[in-house]
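Novice: The following block contains the structure, expressed as C-alpha cells.
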Amino acid sequence: MKKFDLYEQYLQQNEGIAKARKAYDDKVKAAEQALADAKVKLDEIVHTEITTGAQKTKDKSAARKALEEAEKDAAQAKQERDAAYKYFSGAGGSITRPQVVQAYLNEYVPAVKSEHLPVIQERMKQGIDLILSAFYDFQQLKREYEDISREVKEIDRAAVRYGEQKVSYVIPNPFDMVVDSGINISELASQLDKIANGAELPAEATYYKQPLKGDN
C-alpha cells in the first residue's frame with residue numbers, strides 16, 4: 001500500500017499532542033493535590049490549637065500563605081491547561097484535519113490510482129476482449145452448424161413418421177449450451193460480486209498478475 005505521508009505525520013503530531021495534554025493534566029493534578037494537602041495542613045493546625053489551647057498564630061499564618069499559594073498555582077495550572085487544550089483542538093497543530101482530507105482527495109487518491117490502475121485496466125480490457133472474442137467464436141460456430149442440426153432434426157422426425165425408429169431424439173446444435181463454451185455467465189456475475197465483497201479468488205481460477213502479451 002502506498003504511504004499517505006501527511007496522514008502519518010498527522011498521527012505523529014497527534015501522538016505528540018496527546019503527550020503534551022497529559023503533561024498539562026498531570027500538572028493540574030499535582031497542583032490540586034498540593035492544594036488539598038495545604039487545606040489539610042491548615043485544618044490540622046486549627047484543630048491542634050482548639051484541642052490543646054496552644055497558640056499557633058505563626059503556624060496558621062504560614063499555612064494560610066501556603067494555601068493561598070497552592071490556590072494560585074492550581075488556578076494557574078488550570079488556565080494553562082485550558083489554553084493548551086484550546087490550542088490543540090483548533091489550528092494549534094501544524095497539520096489540520098481539513099488539510100489531511102484535502103490531501104487525501106486531491107493528491108493521495110489520484111497518485112494511488114495512477115500507480116495501480118493502468119495495469120489493472122489493461123488486464124481487464126484484455127480479459128474482456130478474450131471473453132468476448134471466445135464467446136463470439138462460440139456463437140459463430142453455433143450459426144455455422146445450425147443448418148446440419150436442423151436437417152438431422154428433419155431426418156429424425158421422418159424416421160419416426162415412417163416407422164424406422166420408435167422415438168424421436170433431441171437433436172442439438174453442438175453449440176447450443178453456453179456452458180460448453182467454458183463460461184457460466186450467472187456464475188461469473190456471482191463470483192465478481194463475491195470478490196467485490198471481499199471473497200478470495202476461486203480456487204479453480206488461474207491468477208494472472210500481468211497482462212498476457214500476444215505474439216507480434
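We label chains A, B, ... in the order they appear in the C-alpha cells, count residues from 1 in each chain, and number ligands from 1 in the order shown.
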As a list in words, please: the residues near Glu107 in chain A (cut-off 12 Å, only C-alpha atoms, same-chain neighbours under 6 positions excluded).
Specialist: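 The contact residues come out as Lys3, Phe4, Asp5, Leu6, Tyr7, Gln99, Val100, Val101, Lys113 and Ser114 of chain A.
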Novice: One decimal, Å: what's the distance from CA of Leu141 in chain A over to CA of Ile128 in chain A, could you say?
Specialist: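 CA of Leu141 in chain A sits 19.8 Å away from CA of Ile128 in chain A.
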Novice: Rounded to one decimal, what separation in Å do you get between CA of Glu8 in chain A and CA of Asn197 in chain A?
Specialist: 27.7 Å
Novice: Can you pull out the residues contacting Lys213 in chain A? Cut-off 12 Å, using only C-alpha atoms, and skip same-chain residues under 6 positions away; I want them as a ChimeraX atom specification.
Specialist: /A:122-123,126-127
Novice: Generate a file of the selected residues that holds N, CA, C and O atoms, formatted as a short mmCIF file (atom, residue, chain, number, x, y, z; two decimals), in the first residue's frame.
Specialist:
```
data_model
loop_
_atom_site.label_atom_id
_atom_site.label_comp_id
_atom_site.auth_asym_id
_atom_site.auth_seq_id
_atom_site.Cartn_x
_atom_site.Cartn_y
_atom_site.Cartn_z
N GLU A 122 -5.51 -2.53 -18.16
CA GLU A 122 -5.01 -3.26 -19.31
C GLU A 122 -5.39 -4.74 -19.21
O GLU A 122 -5.84 -5.35 -20.18
N ARG A 123 -5.20 -5.30 -18.01
CA ARG A 123 -5.58 -6.69 -17.80
C ARG A 123 -7.08 -6.88 -17.95
O ARG A 123 -7.54 -7.87 -18.53
N GLN A 126 -8.02 -6.72 -21.62
CA GLN A 126 -7.60 -7.94 -22.31
C GLN A 126 -8.49 -9.11 -21.92
O GLN A 126 -8.86 -9.93 -22.77
N GLY A 127 -8.83 -9.19 -20.64
CA GLY A 127 -9.71 -10.26 -20.19
C GLY A 127 -11.09 -10.18 -20.83
O GLY A 127 -11.64 -11.19 -21.28
#
```
Novice: Show me, as JSON, numbers by chain, the residues that have an atom within 9 Å of Val28 in chain A when counting only C-alpha atoms, minus same-chain residues fewer than 4 positions from it.
Specialist: {"A": [23, 24, 32, 33, 73, 74, 75, 76, 77, 78, 80, 81]}
Novice: Go through A:Glu144, A:Ile131, A:Ala66, A:Ala18 and flag the residue nearest Leu188 in chain A, using only C-alpha atoms for the distances.
Specialist: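 The answer is A:Ile131, which sits nearest to Leu188 in chain A.
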Novice: Go through A:Ile17, A:Val109, A:Val178, A:Leu130 and flag the residue nearest Leu212 in chain A, using only C-alpha atoms for the distances.
Specialist: A:Leu130
Novice: With only C-alpha atoms as the atoms that count, which of A:Asp82, A:Lys125, A:Ser149, A:Lys41 lies nearest to Arg21 in chain A?
Specialist: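 Of the candidates, the smallest distance to Arg21 in chain A is held by A:Asp82.
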Novice: Which residues are close to Glu68 in chain A, i.e. within 10 Å by only C-alpha atoms, leaving aside same-chain residues fewer than 5 positions away? Reply as a ChimeraX atom specification.
Specialist: /A:35,38-39,62-63,73-74
Novice: Would you write out those residues with N, CA, C and O atoms, as a PDB file, in the first residue's frame?
Specialist:
```pdb
ATOM      1  N   LEU A  35      -2.911  21.650  46.726  1.00  0.00           N
ATOM      2  CA  LEU A  35      -3.940  22.482  47.346  1.00  0.00           C
ATOM      3  C   LEU A  35      -4.680  21.707  48.427  1.00  0.00           C
ATOM      4  O   LEU A  35      -4.936  22.229  49.524  1.00  0.00           O
ATOM      5  N   ALA A  38      -2.496  21.410  51.424  1.00  0.00           N
ATOM      6  CA  ALA A  38      -2.399  22.679  52.152  1.00  0.00           C
ATOM      7  C   ALA A  38      -3.627  22.905  53.018  1.00  0.00           C
ATOM      8  O   ALA A  38      -3.523  23.400  54.163  1.00  0.00           O
ATOM      9  N   LYS A  39      -4.806  22.537  52.508  1.00  0.00           N
ATOM     10  CA  LYS A  39      -6.030  22.666  53.301  1.00  0.00           C
ATOM     11  C   LYS A  39      -6.001  21.746  54.510  1.00  0.00           C
ATOM     12  O   LYS A  39      -6.397  22.132  55.618  1.00  0.00           O
ATOM     13  N   ALA A  62       1.625  30.821  58.293  1.00  0.00           N
ATOM     14  CA  ALA A  62       2.411  30.134  57.253  1.00  0.00           C
ATOM     15  C   ALA A  62       1.535  29.175  56.449  1.00  0.00           C
ATOM     16  O   ALA A  62       1.670  29.064  55.218  1.00  0.00           O
ATOM     17  N   ALA A  63       0.619  28.477  57.151  1.00  0.00           N
ATOM     18  CA  ALA A  63      -0.262  27.527  56.467  1.00  0.00           C
ATOM     19  C   ALA A  63      -1.223  28.250  55.530  1.00  0.00           C
ATOM     20  O   ALA A  63      -1.503  27.768  54.421  1.00  0.00           O
ATOM     21  N   ASP A  73      -1.466  28.483  42.361  1.00  0.00           N
ATOM     22  CA  ASP A  73      -0.813  27.507  41.478  1.00  0.00           C
ATOM     23  C   ASP A  73      -1.850  26.632  40.774  1.00  0.00           C
ATOM     24  O   ASP A  73      -1.716  26.338  39.574  1.00  0.00           O
ATOM     25  N   ALA A  74      -2.872  26.201  41.505  1.00  0.00           N
ATOM     26  CA  ALA A  74      -3.913  25.352  40.920  1.00  0.00           C
ATOM     27  C   ALA A  74      -4.692  26.114  39.850  1.00  0.00           C
ATOM     28  O   ALA A  74      -4.985  25.573  38.766  1.00  0.00           O
TER      29      ALA A  74
END
```
Novice: I'd like the interatomic distance between CA of Lys60 in chain A and CA of Ala34 in chain A, to a tenth of an Å.
Specialist: 16.8 Å
Novice: Assign secondary structure with DSSP using the backbone only, and return the residues of range 53-210 of chain A in helix (DSSP H, G or I) as a ChimeraX atom specification.
Specialist: /A:57-89,97-144,146-161,178-181,185-196
Novice: So which residues touch Met177 in chain A within 12 Å, counting only C-alpha atoms, skipping near sequence neighbours fewer than 3 positions away, as an MDAnalysis selection string?
Specialist: chainID A and resid 135 138:139 141:142 172:174 180:185
Novice: Smallest atom-to-atom distance to Val152 in chain A: which of A:Ser168, A:Tyr136, A:Thr51, A:Leu117, using only C-alpha atoms?
Specialist: A:Ser168
